[in-house]
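Student: My file is entry39.cif. It has mmCIF, C-alpha atoms:
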```cif
data_model
#
loop_
_atom_site.label_atom_id
_atom_site.label_comp_id
_atom_site.auth_asym_id
_atom_site.auth_seq_id
_atom_site.Cartn_x
_atom_site.Cartn_y
_atom_site.Cartn_z
CA MET A 1 37.12 78.71 72.51
CA GLN A 2 39.40 79.28 69.58
CA THR A 3 42.70 77.52 69.47
CA THR A 4 45.63 78.76 67.47
CA GLU A 5 47.61 75.56 67.91
CA GLN A 6 48.16 73.79 64.63
CA GLN A 7 46.80 70.26 64.58
CA PRO A 8 48.42 67.59 62.42
CA PRO A 9 46.08 66.27 59.69
CA LYS A 10 43.83 63.62 61.24
CA LEU A 11 44.69 60.11 60.03
CA LYS A 12 41.77 57.95 59.04
CA LEU A 13 41.14 54.24 59.22
CA ASP A 14 40.55 53.21 55.59
CA SER A 15 38.49 50.03 55.73
CA LYS A 16 39.41 49.11 52.14
CA LEU A 17 43.00 48.71 53.33
CA ILE A 18 42.12 46.95 56.58
CA LEU A 19 39.44 44.40 55.68
CA PRO A 20 41.78 42.37 53.42
CA PHE A 21 44.03 41.83 56.46
CA VAL A 22 41.10 40.75 58.65
CA ALA A 23 40.08 38.25 55.97
CA SER A 24 43.61 36.97 55.35
CA THR A 25 44.36 36.59 59.07
CA THR A 26 41.22 34.46 59.48
CA ASN A 27 42.07 32.53 56.33
CA VAL A 28 45.74 31.85 57.15
CA PHE A 29 45.05 30.85 60.74
CA THR A 30 42.11 28.62 59.88
CA THR A 31 43.67 26.82 56.93
CA MET A 32 47.41 26.85 57.65
CA VAL A 33 47.76 27.16 61.41
CA LYS A 34 44.57 25.14 62.07
CA LEU A 35 43.38 27.55 64.74
CA THR A 36 40.26 29.69 64.37
CA PRO A 37 41.09 33.23 65.50
CA GLN A 38 38.54 35.54 67.13
CA ILE A 39 39.12 38.92 65.55
CA GLY A 40 38.47 42.00 67.68
CA LYS A 41 37.48 45.45 66.45
CA PRO A 42 40.25 47.11 64.38
CA HIS A 43 41.13 50.53 65.79
CA LEU A 44 43.56 53.36 65.13
CA LYS A 45 46.57 53.28 67.40
CA GLU A 46 46.86 56.62 69.17
CA SER A 47 49.59 55.73 71.62
CA ILE A 48 51.94 52.88 72.38
CA GLU A 49 49.63 50.09 73.52
CA THR A 50 50.09 46.42 74.27
CA SER A 51 53.64 45.19 74.11
CA TYR A 52 54.62 41.92 72.49
CA ASP A 53 57.53 39.51 72.55
CA VAL A 54 57.83 38.19 68.99
CA SER A 55 57.04 40.16 65.82
CA GLY A 56 57.18 39.41 62.10
CA VAL A 57 57.55 42.61 60.05
CA ILE A 58 56.70 42.83 56.33
CA GLY A 59 57.57 45.99 54.39
CA PHE A 60 55.35 47.16 51.52
CA SER A 61 56.44 49.23 48.53
CA GLY A 62 54.90 50.19 45.18
CA GLU A 63 51.37 51.64 45.13
CA VAL A 64 51.07 50.83 48.83
CA ILE A 65 53.83 51.81 51.24
CA GLY A 66 54.38 50.99 54.87
CA SER A 67 54.52 47.78 56.82
CA VAL A 68 52.44 45.12 58.44
CA VAL A 69 53.53 43.57 61.73
CA VAL A 70 52.19 40.35 63.22
CA SER A 71 53.01 40.32 66.95
CA PHE A 72 52.72 37.56 69.53
CA GLN A 73 53.19 37.01 73.22
CA PHE A 74 56.12 34.63 73.70
CA GLU A 75 54.08 31.68 75.00
CA SER A 76 51.60 31.96 72.11
CA ALA A 77 54.42 32.17 69.58
CA LYS A 78 56.12 29.07 71.01
CA LYS A 79 52.89 27.04 71.09
CA LEU A 80 52.05 28.18 67.59
CA VAL A 81 55.45 27.31 66.12
CA ASN A 82 55.68 23.98 67.96
CA GLY A 83 52.17 23.12 66.75
CA LEU A 84 52.96 24.13 63.16
CA MET A 85 56.22 22.18 63.05
CA GLY A 86 54.99 19.21 65.09
CA MET A 87 58.00 19.40 67.42
CA GLU A 88 59.69 21.59 70.03
CA ILE A 89 61.58 24.41 68.26
CA ASP A 90 64.40 26.39 69.88
CA PRO A 91 63.27 30.06 69.88
CA GLU A 92 66.88 31.11 69.11
CA SER A 93 66.99 29.00 65.95
CA SER A 94 66.36 30.16 62.41
CA ASP A 95 63.53 27.57 62.23
CA PHE A 96 61.63 29.56 64.85
CA SER A 97 62.18 32.90 63.05
CA ASP A 98 61.32 31.28 59.72
CA ALA A 99 57.98 30.01 61.04
CA ILE A 100 57.00 33.40 62.51
CA GLY A 101 58.18 35.15 59.35
CA GLU A 102 56.18 32.75 57.19
CA ILE A 103 52.96 33.44 59.13
CA ALA A 104 53.48 37.19 58.63
CA ASN A 105 54.35 36.60 54.99
CA MET A 106 51.20 34.54 54.35
CA ILE A 107 48.96 37.14 56.02
CA ALA A 108 50.52 40.01 54.04
CA GLY A 109 50.66 38.08 50.76
CA ASN A 110 47.08 36.91 51.04
CA ALA A 111 45.80 40.42 51.83
CA LYS A 112 47.90 42.06 49.11
CA LYS A 113 45.80 40.51 46.33
CA ASP A 114 42.67 42.19 47.69
CA LEU A 115 44.03 45.70 48.17
CA GLY A 116 43.17 46.65 44.57
CA LEU A 117 46.61 48.21 44.21
CA THR A 118 49.97 46.89 43.01
CA ALA A 119 52.19 46.33 46.01
CA ASN A 120 55.52 44.57 46.51
CA ILE A 121 56.13 42.88 49.80
CA ALA A 122 59.53 42.32 51.34
CA VAL A 123 60.95 39.23 52.97
CA PRO A 124 59.95 39.23 56.67
CA THR A 125 62.14 40.49 59.47
CA VAL A 126 61.60 38.81 62.83
CA ILE A 127 62.11 40.65 66.11
CA ILE A 128 62.35 38.74 69.38
CA GLY A 129 62.37 40.56 72.72
CA LYS A 130 60.14 40.59 75.76
CA GLY A 131 57.75 43.54 75.83
CA HIS A 132 58.64 45.42 72.68
CA VAL A 133 56.29 47.84 70.99
CA ILE A 134 55.99 49.03 67.42
CA GLY A 135 56.61 52.78 67.31
CA ARG A 136 54.04 54.94 65.58
CA LEU A 137 55.23 56.93 62.60
CA SER A 138 53.53 60.20 61.84
CA GLY A 139 51.85 60.39 58.45
CA VAL A 140 50.96 56.68 58.19
CA PRO A 141 47.88 55.50 60.10
CA CYS A 142 48.57 52.50 62.30
CA VAL A 143 45.58 50.22 62.68
CA VAL A 144 45.61 47.43 65.26
CA ILE A 145 43.61 44.26 64.58
CA PRO A 146 43.48 42.42 67.93
CA CYS A 147 43.18 38.61 67.65
CA LYS A 148 42.72 35.74 70.06
CA THR A 149 43.22 32.01 69.57
CA ASP A 150 43.28 28.97 71.83
CA VAL A 151 47.05 29.37 72.26
CA GLY A 152 46.87 33.05 73.22
CA GLU A 153 46.58 36.59 71.90
CA PHE A 154 48.26 38.23 68.98
CA ALA A 155 47.83 41.41 66.92
CA VAL A 156 48.14 42.42 63.31
CA GLU A 157 49.28 46.04 63.03
CA VAL A 158 48.59 47.52 59.60
CA ASN A 159 50.71 50.57 58.97
CA ILE A 160 50.21 51.26 55.26
CA LYS A 161 48.94 53.93 52.90
CA PRO A 162 48.48 54.26 49.12
CA THR A 163 51.15 56.31 47.35
CA ALA A 164 48.81 57.97 44.85
CA MET B 165 85.58 10.83 59.58
CA GLN B 166 82.80 10.90 57.09
CA THR B 167 79.53 12.51 58.01
CA THR B 168 76.25 11.64 56.38
CA GLU B 169 74.40 14.55 57.94
CA GLN B 170 73.13 16.97 55.31
CA GLN B 171 74.47 20.48 55.75
CA PRO B 172 72.43 23.50 54.65
CA PRO B 173 74.10 25.44 51.83
CA LYS B 174 76.69 27.76 53.35
CA LEU B 175 75.65 31.40 53.16
CA LYS B 176 78.30 33.81 52.02
CA LEU B 177 79.05 37.41 52.84
CA ASP B 178 78.79 39.21 49.50
CA SER B 179 80.91 42.33 49.84
CA LYS B 180 79.22 43.99 46.84
CA LEU B 181 76.02 44.02 48.91
CA ILE B 182 77.66 45.05 52.17
CA LEU B 183 80.13 47.80 51.24
CA PRO B 184 77.38 50.21 50.08
CA PHE B 185 75.91 50.02 53.61
CA VAL B 186 79.30 50.67 55.23
CA ALA B 187 79.73 53.73 53.00
CA SER B 188 76.18 55.01 53.50
CA THR B 189 76.33 54.57 57.30
CA THR B 190 79.53 56.64 57.41
CA ASN B 191 78.04 59.17 55.03
CA VAL B 192 74.67 59.57 56.80
CA PHE B 193 76.19 59.78 60.28
CA THR B 194 78.92 62.21 59.27
CA THR B 195 76.77 64.58 57.23
CA MET B 196 73.29 64.29 58.76
CA VAL B 197 73.80 63.17 62.34
CA LYS B 198 77.12 65.07 62.66
CA LEU B 199 78.84 62.18 64.40
CA THR B 200 81.73 60.25 62.88
CA PRO B 201 81.09 56.53 63.36
CA GLN B 202 83.88 53.98 63.82
CA ILE B 203 82.87 51.02 61.70
CA GLY B 204 83.89 47.55 62.92
CA LYS B 205 84.48 44.48 60.76
CA PRO B 206 81.29 43.25 59.09
CA HIS B 207 80.65 39.57 59.88
CA LEU B 208 78.08 36.90 59.20
CA LYS B 209 75.67 36.42 62.07
CA GLU B 210 75.71 32.77 63.07
CA SER B 211 73.65 33.04 66.24
CA ILE B 212 71.60 35.59 68.12
CA GLU B 213 74.18 38.11 69.28
CA THR B 214 74.00 41.53 70.88
CA SER B 215 70.56 42.67 71.82
CA TYR B 216 69.30 46.17 71.21
CA ASP B 217 66.55 48.46 72.47
CA VAL B 218 65.47 50.50 69.45
CA SER B 219 65.46 49.29 65.83
CA GLY B 220 64.48 50.83 62.50
CA VAL B 221 63.57 48.14 59.95
CA ILE B 222 63.54 48.76 56.17
CA GLY B 223 62.15 46.08 53.85
CA PHE B 224 63.62 45.61 50.35
CA SER B 225 61.83 44.20 47.33
CA GLY B 226 62.53 44.04 43.59
CA GLU B 227 65.90 42.73 42.40
CA VAL B 228 67.07 42.72 46.02
CA ILE B 229 64.92 41.18 48.72
CA GLY B 230 65.24 41.17 52.47
CA SER B 231 65.64 43.86 55.06
CA VAL B 232 68.10 46.17 56.71
CA VAL B 233 67.84 46.93 60.41
CA VAL B 234 69.57 49.78 62.21
CA SER B 235 69.64 48.99 65.94
CA PHE B 236 70.58 51.12 68.92
CA GLN B 237 70.98 50.84 72.64
CA PHE B 238 68.32 52.99 74.28
CA GLU B 239 70.67 55.63 75.70
CA SER B 240 72.41 56.06 72.33
CA ALA B 241 69.08 56.34 70.53
CA LYS B 242 67.85 59.00 72.96
CA LYS B 243 71.06 61.05 72.72
CA LEU B 244 71.03 60.72 68.96
CA VAL B 245 67.41 61.81 68.54
CA ASN B 246 67.69 64.65 71.06
CA GLY B 247 70.85 65.83 69.29
CA LEU B 248 69.24 65.63 65.85
CA MET B 249 66.09 67.46 66.92
CA GLY B 250 67.83 69.95 69.21
CA MET B 251 65.44 69.18 72.06
CA GLU B 252 64.35 66.43 74.46
CA ILE B 253 62.02 64.02 72.61
CA ASP B 254 59.60 61.65 74.38
CA PRO B 255 60.59 58.10 73.30
CA GLU B 256 56.89 57.16 73.19
CA SER B 257 56.10 59.90 70.67
CA SER B 258 55.87 59.55 66.91
CA ASP B 259 58.64 62.19 66.65
CA PHE B 260 61.04 59.73 68.26
CA SER B 261 60.02 56.84 65.97
CA ASP B 262 60.13 59.16 62.95
CA ALA B 263 63.71 60.20 63.72
CA ILE B 264 64.91 56.59 64.15
CA GLY B 265 62.98 55.55 61.04
CA GLU B 266 64.50 58.40 59.06
CA ILE B 267 68.06 57.40 60.00
CA ALA B 268 67.35 53.83 58.84
CA ASN B 269 65.68 55.19 55.70
CA MET B 270 68.65 57.41 54.82
CA ILE B 271 71.15 54.57 55.33
CA ALA B 272 69.10 52.16 53.18
CA GLY B 273 68.24 54.75 50.52
CA ASN B 274 71.82 55.93 50.22
CA ALA B 275 73.17 52.37 49.91
CA LYS B 276 70.44 51.30 47.47
CA LYS B 277 71.89 53.47 44.68
CA ASP B 278 75.21 51.62 44.87
CA LEU B 279 73.91 48.05 44.89
CA GLY B 280 73.88 47.94 41.07
CA LEU B 281 70.40 46.41 41.18
CA THR B 282 66.91 47.86 41.12
CA ALA B 283 65.45 47.71 44.59
CA ASN B 284 62.38 49.23 46.21
CA ILE B 285 62.59 50.15 49.83
CA ALA B 286 59.64 50.26 52.20
CA VAL B 287 58.71 52.88 54.75
CA PRO B 288 60.55 52.12 58.03
CA THR B 289 59.02 50.23 60.92
CA VAL B 290 60.37 51.15 64.34
CA ILE B 291 60.58 48.62 67.17
CA ILE B 292 61.16 49.77 70.75
CA GLY B 293 61.85 47.27 73.52
CA LYS B 294 64.73 46.63 75.89
CA GLY B 295 67.00 43.80 74.77
CA HIS B 296 65.35 42.63 71.57
CA VAL B 297 67.18 40.69 68.91
CA ILE B 298 66.64 40.32 65.19
CA GLY B 299 65.88 36.67 64.41
CA ARG B 300 67.95 35.00 61.71
CA LEU B 301 66.05 33.69 58.72
CA SER B 302 67.45 30.68 56.90
CA GLY B 303 68.29 31.29 53.26
CA VAL B 304 69.18 34.98 53.61
CA PRO B 305 72.65 35.79 54.96
CA CYS B 306 72.57 38.23 57.86
CA VAL B 307 75.62 40.44 58.03
CA VAL B 308 76.25 42.59 61.09
CA ILE B 309 78.13 45.88 60.67
CA PRO B 310 79.08 46.96 64.22
CA CYS B 311 79.40 50.74 64.71
CA LYS B 312 80.48 53.04 67.50
CA THR B 313 79.98 56.77 67.98
CA ASP B 314 80.54 59.25 70.78
CA VAL B 315 76.96 58.68 71.96
CA GLY B 316 77.24 54.87 72.03
CA GLU B 317 77.14 51.73 69.95
CA PHE B 318 74.78 50.70 67.21
CA ALA B 319 74.65 48.07 64.48
CA VAL B 320 73.48 47.86 60.90
CA GLU B 321 72.20 44.36 60.12
CA VAL B 322 72.06 43.68 56.39
CA ASN B 323 69.77 40.78 55.61
CA ILE B 324 69.38 40.94 51.83
CA LYS B 325 69.99 38.86 48.72
CA PRO B 326 69.58 39.38 44.96
CA THR B 327 66.52 37.69 43.45
CA ALA B 328 68.20 36.72 40.17
#
```
Could you write out this file's structure as structure tokens?

Tutor:
Amino acid sequence: MQTTEQQPPKLKLDSKLILPFVASTTNVFTTMVKLTPQIGKPHLKESIETSYDVSGVIGFSGEVIGSVVVSFQFESAKKLVNGLMGMEIDPESSDFSDAIGEIANMIAGNAKKDLGLTANIAVPTVIIGKGHVIGRLSGVPCVVIPCKTDVGEFAVEVNIKPTA
Amino acid sequence: MQTTEQQPPKLKLDSKLILPFVASTTNVFTTMVKLTPQIGKPHLKESIETSYDVSGVIGFSGEVIGSVVVSFQFESAKKLVNGLMGMEIDPESSDFSDAIGEIANMIAGNAKKDLGLTANIAVPTVIIGKGHVIGRLSGVPCVVIPCKTDVGEFAVEVNIKPTA
């Protein structure tokens, strides 16, 4: 059967852009957060999937554009931040946002070196809200790296592409 | 009474960094969205304030670092996107995220020219989730520009600082 409907160009998962984030997530969690994450299979996001409660967003510009989002369930985020800081942290405080932002920043910064391209990364933005999702943009593939630790699940969503 | 408690350095609202966003918000809404916004008084965000449902986040890097977030209530976002596109758009589709991202992108891109500094802006990230808030980071002032239009309220949160 022939179809006359125009399909948008198929977006591809480029492993050269994804593997650095798998490595840096493992690295940052193991060395800084002192939790060994189990990394699931990275896959292209076709629809709105799991929703999260706390996200750290890092924008990329330069030879790589887009963003990387590290998203947590609320209980995991709280346990993670309390563990990192060695004390109970108020989730409405800037200390809480700073800790989540810093985790996202370390993952993005660590991966950036291995992309083989010159990229600038922005200061993190932290979003807090039960059950939010990251909207897909057309034209930039969104790859989800699902992760699990002893304090709960989280995901790294890599939403970047080279400019050249 | 003397206090020995150490206070963090007071963050200041730098109008040279804020006024370009007031102007670009008015400009983008009036010319592109065809809605005249009423702009409220910009103020420093001291705590988590109004929550929103749909946010477009733009990361800055270069001589200006941080991010700018354009946040909407869900009903306003839907009316806005449907009005812009001239048809009903599924909020789970990439068309919806693209439209919200593009509004944030135009506001940031338009303001960038008038900051008097060289900044790179990232591709937008769009967050969808009822009642989310943007976490404050310490060390970067977060200025809220409250806005109102005929289709509802929104806010531009400017969370940037010069690097030099």

Student: Let me make sure I understand: among B:Gly273, B:Gly226, B:Pro305, B:Gly316, which one has the smallest atom-to-atom distance to chain A if we use only C-alpha atoms?

Tutor: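 Looking only at the distances to chain A, the closest residue turns out to be B:Gly226.
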
Student: At a cut-off of 9 Å, which residues of chain B touch chain A? Count only C-alpha atoms and give the answer as a PyMOL selection string.

Tutor: chain B and resi 211-212+215+217+221-226+229-233+255-262+265+284-302+323-324

Student: When the PyMOL selection byres ((chain B and resi 242-250) around 7) is applied to the structure above, which residues does it catch, written out as a PyMOL selection string?

Tutor: chain B and resi 197+238-241+251-253+260+263+315

Student: Could you tell me, as a PDB file with C-alpha atoms, in the frame of the given file, which residues have any atom at most 8 Å from (78.7, 40.9, 54.9), counting all atoms listed in the file?

Tutor:
```pdb
ATOM      1  CA  LYS B 176      78.300  33.810  52.020  1.00  0.00           C
ATOM      2  CA  LEU B 177      79.050  37.410  52.840  1.00  0.00           C
ATOM      3  CA  ASP B 178      78.790  39.210  49.500  1.00  0.00           C
ATOM      4  CA  SER B 179      80.910  42.330  49.840  1.00  0.00           C
ATOM      5  CA  LEU B 181      76.020  44.020  48.910  1.00  0.00           C
ATOM      6  CA  ILE B 182      77.660  45.050  52.170  1.00  0.00           C
ATOM      7  CA  LEU B 183      80.130  47.800  51.240  1.00  0.00           C
ATOM      8  CA  PRO B 206      81.290  43.250  59.090  1.00  0.00           C
ATOM      9  CA  HIS B 207      80.650  39.570  59.880  1.00  0.00           C
ATOM     10  CA  LEU B 208      78.080  36.900  59.200  1.00  0.00           C
ATOM     11  CA  PRO B 305      72.650  35.790  54.960  1.00  0.00           C
ATOM     12  CA  CYS B 306      72.570  38.230  57.860  1.00  0.00           C
ATOM     13  CA  VAL B 307      75.620  40.440  58.030  1.00  0.00           C
ATOM     14  CA  VAL B 308      76.250  42.590  61.090  1.00  0.00           C
ATOM     15  CA  ILE B 309      78.130  45.880  60.670  1.00  0.00           C
ATOM     16  CA  VAL B 322      72.060  43.680  56.390  1.00  0.00           C
TER      17      VAL B 322
END
```

Student: How many Å lie between atom CA of A:Thr31 and atom CA of A:Val156, rounded to one decimal?

Tutor: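 Between atom CA of A:Thr31 and atom CA of A:Val156 the gap is 17.4 Å.
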
Student: So how many Å separate atom CA of B:Ala319 and atom CA of B:Asp278, to one decimal?

Tutor: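 Computed distance, atom CA of B:Ala319 to atom CA of B:Asp278, equals 19.9 Å.
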
Student: Compile the contact shell of B:Thr313 as a PyMOL selection string: residues with an atom at most 7 Å away, counting all atoms listed in the file, same-chain residues fewer than 6 positions apart removed.

Tutor: chain B and resi 199-202

Student: Between atom CA of B:Glu317 and atom CA of B:Thr190, measure the distance and give it in Å to one decimal.

Tutor: 13.7 Å
